[in-house]
Amino acid sequence: MDYMTLIQLLDSTVRLATPLLLACLAGLFSERAGIFDIGLDGKMLAAAFFSAAIAAMSGNVWLGLLAGIAASLALSLLHGLASITFRGNQLISGVAINFLAAGLTVLIAQDWFQQGGRTPSLIGGARFNPITLPFADTIEPMPIIGPLYAELISGHSILVYAAFAAVPLTWWLLYRTRFGLRLRAVGENPAAVDTAGVSVIGLRYAAVCICGVLCGIAGAYLSTALQAGFIKDMSAGRGYIALAALIFAKWRPWYALWATLLFGLFGALETRPDVIEALIGIKVQGQLLGALPYVMTVIILAGFVGKAIPPRAGGEPYVKER
Amino acid sequence: MNDTTNMERQATAAPAIELKGISKAFGPVQANKDISIRVMPGTIHGIIGENGAGKSTLMSILYGFYKADKGEIFISGKKTDIPDSQAAITAGIGMVFQHFKLVENFTVLENIILGAEDGRLLKPSLAKARKSLLKLADDYGLKVDPDALIQDIGVGMQQRVEILKALYRQADILILDEPTGVLTPAEADQLFRILGRLRSEGKTIILITHKLREIMNITDTVSVMRRGEMTATVKTAETSPAELAELMVGRKVLLRVDKKPAQPAEVVLDIKGLRVVDEKGVERLRGIDLQVRAGEILGVAGVAGNGQSELLEVLGGYQTGSGSVQVKGQALDLTGKHSDGQSRRNRGIAHVPEDRQREGLIMDFQAWENTAFGYHKDPAYRHGILMDNAAIKADTVEKMERFDVRPPNPRLAAKSFSGGNQQKIVLAREIERNPDLLLIGQPTRGVDIGAIEFIHQQIVALRDQGKAILLVSVELEEILALSDRVAVMFDGQVMGVRDASATDEKELGLMMAGITDTEADAKIGA
């Protein structure tokens, strides 16, 4: 494999890891607060549709992004209402959101655009276009560093940079602020938070809302940056892979980055069977690579690679008791 | 009553806490009835009472967990509303719960600042807490490692963190709910030393417990609660364990059961040297010897948590133990390998568990389904490999009629029945199987008066059929009304067995407090 192929592969890894990373961090906020969220996929899908639709209609991708975030946030609040306020089953609520999003997006798309459940292709300002970082052109001719900077680091959309910046930000928020301390506490022992005089419900809603915003950005990225428009079921199970990555990352932000990059690499390799064949000499089915994140998650959960302990109060609605 | 008025006259400062006429009901159950209490600053005030007497409810009202239906709270003479925990904290009240409210994978320091941080960033809060923790450690002798994880330190240390949490929030009033329940004797002594120190620094402490010795050792004043009412408030120095025990369990025998003298026959249940060690390694039963004969009721009295539950569990087949238990001359398996509810039933043992809502019934299932539990393999309930639901329902209707279950609707979920009717469903299921031995725990807990009488009659009727009955109850009245012989348990041991006709509340109360005749004699002798 030559150097340029490697750069291309990594470039594609970054692109594919971005929505996973955003969704994974979204899930991290929610689950760290004790609310399991299996509806990441549905929220991404809804956000993908609404950002593409609004971007297509207005020609402004930023309005699209806002619409995507709003759609995802609305579903988050629905999840919060069901699982926090009404103390319903969080898994059922999440599954319901996934179905809701899968059905509604296609239905509304057909009603609005009559293109078989898709949005029109986005062009120009209706898409997040690649940003060329300063000096990319001057550095490009240099050996090694040139392609690395110009091809891999430069030339992504702003959402990619935002996603990567969200990792240290999440870490800082969780481990260095009052909000983070309370958020982590509420996922471990909500009674401790309650008796300390802090609202469990307020904290959990805050976490669910952050989750909604991050999922919204992830969805908008899918339809306005990675692709140019919405197509049916375009989230393609990424929400589930993000959940797998979350377990793989043991609910920690930096680990989430490495996990999603790894899963992104699998995704990139899936589209380049020639590279694998060149590397290991055997032809590998792309689907096998697609299944790898799940296989690895099962291995992690079985406890082969250290122990992944979920937040102790996860999935349990909080009921005050003596 | 006189003591209260005397204290009022003596009081110079405003009470740290004064409750006036607090009432709280949960549905039909009156947990607190018109409770008034004054706690003077700089004292340790004990609140003693049986489980379910309403102590914890009262303290939860004080800490803003529940809202009282009626009544007023005064803190240092000022009328205060406590709608939530935040208000309680602001009013200077700190609470150390029986089950600690700590985040296991946080450090001591993080747990202490949680909810009481000084700003949006953690660093300054942590630094400040570290400093004041050192000062608190000096002032009160409360040393902890601020950077240790909660999950790595012992329960005594965890409790210390809870106390520090309250002190860090500048609590002047500290409520401790059954603080020694999880502690070893040495840890408990240490706790009492700390409480003494806190009192000398001017803190007011409310100690909730059902252990008489703790009350006598450490408190200045003690209030006794019984069935939701505050029955007395006395100075500790002017009372005795015997008086408190009597106040706790009640003087009057309200219950009267008409029964003929027992005609005990052969030994059905023979327990020798029974020991139970729980999953934490604590010995819950420390060598029990008991016999129950056919045609008699053996009542097991004792303050809750002295091993009675474990006794029922191990006999019922869902707790392991060692020693020897024989039923009708044949050994029972105690190792758990061949023992479960089914095998016990096959041996002629019926069990009405202490907690009917968790062990006796499935609350969301209908009455007829609950009736079949444990007996679902009964040929009368089966139709080849299928269950004969119609037969079970018909049987349930008959049972409901005989046991006067109201409403007599087999399709109603267990949770829709009142406590008394739930108990009748369990009782009907177990008794009607004609067992040789009936194990029955807290038969009338949370049961209305009318149903109590009926349940008692059923138990006596079973005895008169020549069955052996082991009755466990924390209600001394009930024990005395039903039993032919009474065994008293204390700290995992049987303190003694008395003929019901030859004993009284006073003697049993002393035994329940861990004082035996020989001990009392020895004291006099010395």
# chains A, B, ... in the order shown; residues from 1 in each chain; ligands from 1
call {"tool": "interface_residues", "arguments": {"of": "chain B", "to": "chain A", "cutoff": "6 Å", "atoms": "only C-alpha atoms", "output": "ChimeraX atom specification"}}
result
/B:85-86,101-103,115,120-122
call {"tool": "closest_atom_pairs", "arguments": {"of": "stretch 120-161 of chain A", "to": "stretch 57-69 of chain A", "cutoff": "10 Å", "atoms": "only C-alpha atoms", "output": "Markdown table"}}
result
| residue | atom | partner | partner_atom | distance |
| --- | --- | --- | --- | --- |
| A:Pro120 | CA | A:Met57 | CA | 9.2 |
| A:Leu122 | CA | A:Gly59 | CA | 8.2 |
| A:Ile123 | CA | A:Gly59 | CA | 8.2 |
| A:Gly124 | CA | A:Gly59 | CA | 8.0 |
| A:Gly125 | CA | A:Asn60 | CA | 5.6 |
| A:Ala126 | CA | A:Val61 | CA | 4.4 |
| A:Arg127 | CA | A:Val61 | CA | 5.4 |
| A:Phe128 | CA | A:Val61 | CA | 6.5 |
| A:Asn129 | CA | A:Val61 | CA | 9.7 |
call {"tool": "write_last_selection", "arguments": {"atoms": "C-alpha atoms", "output": "mmCIF file, in the first residue's frame"}}
result
data_model
loop_
_atom_site.group_PDB
_atom_site.id
_atom_site.type_symbol
_atom_site.label_atom_id
_atom_site.label_comp_id
_atom_site.auth_asym_id
_atom_site.auth_seq_id
_atom_site.Cartn_x
_atom_site.Cartn_y
_atom_site.Cartn_z
ATOM 1 C CA PRO A 120 -33.548 17.015 -4.007
ATOM 2 C CA LEU A 122 -28.154 19.767 -2.448
ATOM 3 C CA ILE A 123 -25.836 22.102 -4.274
ATOM 4 C CA GLY A 124 -23.665 25.092 -3.387
ATOM 5 C CA GLY A 125 -24.659 26.882 -0.206
ATOM 6 C CA ALA A 126 -27.173 24.198 0.682
ATOM 7 C CA ARG A 127 -24.299 21.883 1.635
ATOM 8 C CA PHE A 128 -21.443 22.010 4.089
ATOM 9 C CA ASN A 129 -18.501 22.265 1.730
#
call {"tool": "closest_residue", "arguments": {"among": "A:Met4, A:Leu28, A:Cys211, A:Leu9", "to": "A:Leu269", "atoms": "only C-alpha atoms"}}
result
A:Leu9
call {"tool": "residues_around", "arguments": {"residues": "B:Pro407", "least_positions_apart": "2", "cutoff": "10 Å", "atoms": "only C-alpha atoms", "output": "list of chain:residue names"}}
result
B:Met400, B:Glu401, B:Asp404, B:Val405, B:Asn409, B:Pro410, B:Leu412, B:Ser416, B:Phe417, B:Ser418, B:Asn421
call {"tool": "write_last_selection", "arguments": {"atoms": "C-alpha atoms", "output": "mmCIF file, in the first residue's frame"}}
result
data_model
loop_
_atom_site.group_PDB
_atom_site.id
_atom_site.type_symbol
_atom_site.label_atom_id
_atom_site.label_comp_id
_atom_site.auth_asym_id
_atom_site.auth_seq_id
_atom_site.Cartn_x
_atom_site.Cartn_y
_atom_site.Cartn_z
ATOM 1 C CA MET B 400 -61.993 -16.685 48.244
ATOM 2 C CA GLU B 401 -65.404 -17.560 49.604
ATOM 3 C CA ASP B 404 -63.887 -14.084 52.892
ATOM 4 C CA VAL B 405 -61.648 -12.337 50.357
ATOM 5 C CA ASN B 409 -63.083 -11.659 42.000
ATOM 6 C CA PRO B 410 -60.358 -14.081 40.864
ATOM 7 C CA LEU B 412 -58.426 -8.916 39.903
ATOM 8 C CA SER B 416 -55.864 -4.225 43.686
ATOM 9 C CA PHE B 417 -56.714 -5.981 46.951
ATOM 10 C CA SER B 418 -56.208 -4.397 50.358
ATOM 11 C CA ASN B 421 -57.242 -9.460 51.524
#
call {"tool": "atom_distance", "arguments": {"atom1": "atom CA of A:Ile54", "atom2": "atom CA of A:Pro130"}}
result
20.1 Å
call {"tool": "residues_around", "arguments": {"residues": "B:Gly323", "least_positions_apart": "2", "cutoff": "7 Å", "atoms": "only C-alpha atoms", "output": "short mmCIF file (atom, residue, chain, number, x, y, z; two decimals) with C-alpha atoms, in the first residue's frame"}}
result
data_model
loop_
_atom_site.label_atom_id
_atom_site.label_comp_id
_atom_site.auth_asym_id
_atom_site.auth_seq_id
_atom_site.Cartn_x
_atom_site.Cartn_y
_atom_site.Cartn_z
CA LYS B 272 -30.46 -27.90 66.44
CA GLY B 273 -27.50 -25.55 66.21
CA LEU B 274 -28.82 -23.71 63.16
CA ARG B 275 -26.44 -21.11 61.79
CA GLY B 321 -27.43 -22.49 56.60
CA VAL B 325 -33.20 -29.24 60.99
#
call {"tool": "residues_around", "arguments": {"residues": "A:Leu279", "least_positions_apart": "3", "cutoff": "12 Å", "atoms": "only C-alpha atoms", "output": "VMD selection string"}}
result
chain A and resid 1 to 2 5 to 6 269 272 to 276 282 to 284
call {"tool": "residues_around", "arguments": {"residues": "A:Ser235", "least_positions_apart": "6", "cutoff": "12 Å", "atoms": "only C-alpha atoms", "output": "PyMOL selection string"}}
result
chain A and resi 16+19-20+23+39-49+98+101-102+105+215-216+218-223+226-227+241-242
call {"tool": "residues_around", "arguments": {"residues": "A:Glu151", "least_positions_apart": "3", "cutoff": "9 Å", "atoms": "only C-alpha atoms", "output": "list in words"}}
result
Ile7, Gln8, Asp11, Ala136, Glu140, Gly146, Pro147, Leu148, Ser154, Gly155 and His156 of chain A
call {"tool": "write_last_selection", "arguments": {"atoms": "N, CA and C atoms", "output": "short mmCIF file (atom, residue, chain, number, x, y, z; two decimals), in the first residue's frame"}}
result
data_model
loop_
_atom_site.label_atom_id
_atom_site.label_comp_id
_atom_site.auth_asym_id
_atom_site.auth_seq_id
_atom_site.Cartn_x
_atom_site.Cartn_y
_atom_site.Cartn_z
N ILE A 7 -3.22 7.71 3.05
CA ILE A 7 -3.82 9.01 3.36
C ILE A 7 -5.30 9.02 2.98
N GLN A 8 -5.58 8.45 1.79
CA GLN A 8 -6.97 8.41 1.33
C GLN A 8 -7.84 7.61 2.30
N ASP A 11 -8.35 9.56 5.41
CA ASP A 11 -9.25 10.67 5.13
C ASP A 11 -10.70 10.18 5.17
N ALA A 136 -2.64 25.28 2.97
CA ALA A 136 -2.73 23.93 2.43
C ALA A 136 -2.03 23.84 1.08
N GLU A 140 1.34 21.57 0.43
CA GLU A 140 1.03 20.35 -0.30
C GLU A 140 2.20 19.72 -1.04
N GLY A 146 3.14 17.17 3.45
CA GLY A 146 2.28 17.85 2.48
C GLY A 146 0.93 17.17 2.32
N PRO A 147 0.93 15.93 1.84
CA PRO A 147 -0.35 15.22 1.66
C PRO A 147 -1.09 15.06 2.99
N LEU A 148 -0.33 14.83 4.06
CA LEU A 148 -0.94 14.64 5.37
C LEU A 148 -1.78 15.85 5.74
N SER A 154 -6.62 19.03 6.27
CA SER A 154 -7.39 20.07 5.64
C SER A 154 -8.47 19.44 4.76
N GLY A 155 -9.42 20.25 4.36
CA GLY A 155 -10.37 19.78 3.35
C GLY A 155 -11.58 19.05 3.88
N HIS A 156 -11.91 19.22 5.15
CA HIS A 156 -13.16 18.64 5.66
C HIS A 156 -14.16 19.76 5.89
#
call {"tool": "closest_residue", "arguments": {"among": "B:Leu195, B:Asp177, B:Lys203, B:Leu439", "to": "B:Val314", "atoms": "only C-alpha atoms"}}
result
B:Leu439
call {"tool": "closest_residue", "arguments": {"among": "B:Gly119, B:Gly316, B:Gly42, B:Gly496", "to": "B:Asp289", "atoms": "only C-alpha atoms"}}
result
B:Gly496
call {"tool": "select_by_dssp", "arguments": {"residues": "stretch 208-407 of chain B", "states": "alpha helix (DSSP H)", "output": "PyMOL selection string"}}
result
chain B and resi 212-218+241-249+308-316+341-346+367-372+389-402
call {"tool": "closest_residue", "arguments": {"among": "B:Val108, B:Ile349, B:Leu133, B:Ile205", "to": "B:Ile44", "atoms": "only C-alpha atoms"}}
result
B:Ile205
call {"tool": "atom_distance", "arguments": {"atom1": "atom CA of B:Asp340", "atom2": "atom CA of B:Glu313"}}
result
10.2 Å
call {"tool": "decode", "arguments": {"residues": "stretch 117-140 of chain A", "atoms": "N, CA and C atoms", "output": "short mmCIF file (atom, residue, chain, number, x, y, z; two decimals), in the first residue's frame"}}
result
data_model
loop_
_atom_site.label_atom_id
_atom_site.label_comp_id
_atom_site.auth_asym_id
_atom_site.auth_seq_id
_atom_site.Cartn_x
_atom_site.Cartn_y
_atom_site.Cartn_z
N GLY A 117 -39.40 9.72 -1.56
CA GLY A 117 -38.90 9.70 -0.19
C GLY A 117 -37.52 10.27 -0.04
N ARG A 118 -37.06 11.01 -1.04
CA ARG A 118 -35.77 11.68 -0.87
C ARG A 118 -35.96 13.18 -0.97
N THR A 119 -34.89 13.89 -0.64
CA THR A 119 -34.91 15.33 -0.90
C THR A 119 -34.16 15.55 -2.20
N PRO A 120 -34.35 16.72 -2.81
CA PRO A 120 -33.55 17.01 -4.01
C PRO A 120 -32.07 17.06 -3.63
N SER A 121 -31.22 16.87 -4.60
CA SER A 121 -29.78 16.95 -4.33
C SER A 121 -29.41 18.37 -3.94
N LEU A 122 -28.53 18.45 -2.95
CA LEU A 122 -28.15 19.77 -2.45
C LEU A 122 -26.94 20.26 -3.21
N ILE A 123 -26.99 21.54 -3.58
CA ILE A 123 -25.84 22.10 -4.27
C ILE A 123 -25.44 23.42 -3.64
N GLY A 124 -24.18 23.79 -3.82
CA GLY A 124 -23.66 25.09 -3.39
C GLY A 124 -23.85 25.34 -1.91
N GLY A 125 -24.52 26.44 -1.60
CA GLY A 125 -24.66 26.88 -0.21
C GLY A 125 -25.62 26.04 0.59
N ALA A 126 -26.27 25.08 -0.04
CA ALA A 126 -27.17 24.20 0.68
C ALA A 126 -26.43 23.02 1.28
N ARG A 127 -25.12 22.97 1.09
CA ARG A 127 -24.30 21.88 1.63
C ARG A 127 -23.18 22.46 2.47
N PHE A 128 -22.68 21.64 3.41
CA PHE A 128 -21.44 22.01 4.09
C PHE A 128 -20.29 21.59 3.19
N ASN A 129 -19.57 22.59 2.66
CA ASN A 129 -18.50 22.26 1.73
C ASN A 129 -17.17 22.16 2.46
N PRO A 130 -16.22 21.46 1.84
CA PRO A 130 -14.92 21.31 2.50
C PRO A 130 -14.25 22.67 2.72
N ILE A 131 -13.58 22.75 3.84
CA ILE A 131 -12.83 23.97 4.14
C ILE A 131 -11.37 23.69 3.85
N THR A 132 -10.75 24.59 3.16
CA THR A 132 -9.32 24.44 2.94
C THR A 132 -8.60 25.24 4.01
N LEU A 133 -7.82 24.54 4.80
CA LEU A 133 -7.12 25.21 5.89
C LEU A 133 -6.01 26.09 5.32
N PRO A 134 -5.62 27.13 6.06
CA PRO A 134 -4.57 28.03 5.57
C PRO A 134 -3.29 27.27 5.20
N PHE A 135 -2.65 27.73 4.20
CA PHE A 135 -1.34 27.21 3.73
C PHE A 135 -1.43 25.80 3.17
N ALA A 136 -2.64 25.28 2.97
CA ALA A 136 -2.73 23.93 2.43
C ALA A 136 -2.03 23.84 1.08
N ASP A 137 -2.25 24.87 0.27
CA ASP A 137 -1.66 24.85 -1.06
C ASP A 137 -0.15 24.94 -1.02
N THR A 138 0.37 25.76 -0.09
CA THR A 138 1.82 25.92 -0.02
C THR A 138 2.50 24.68 0.53
N ILE A 139 1.83 24.02 1.48
CA ILE A 139 2.47 22.88 2.12
C ILE A 139 2.35 21.62 1.28
N GLU A 140 1.34 21.57 0.43
CA GLU A 140 1.03 20.35 -0.30
C GLU A 140 2.20 19.72 -1.04
#
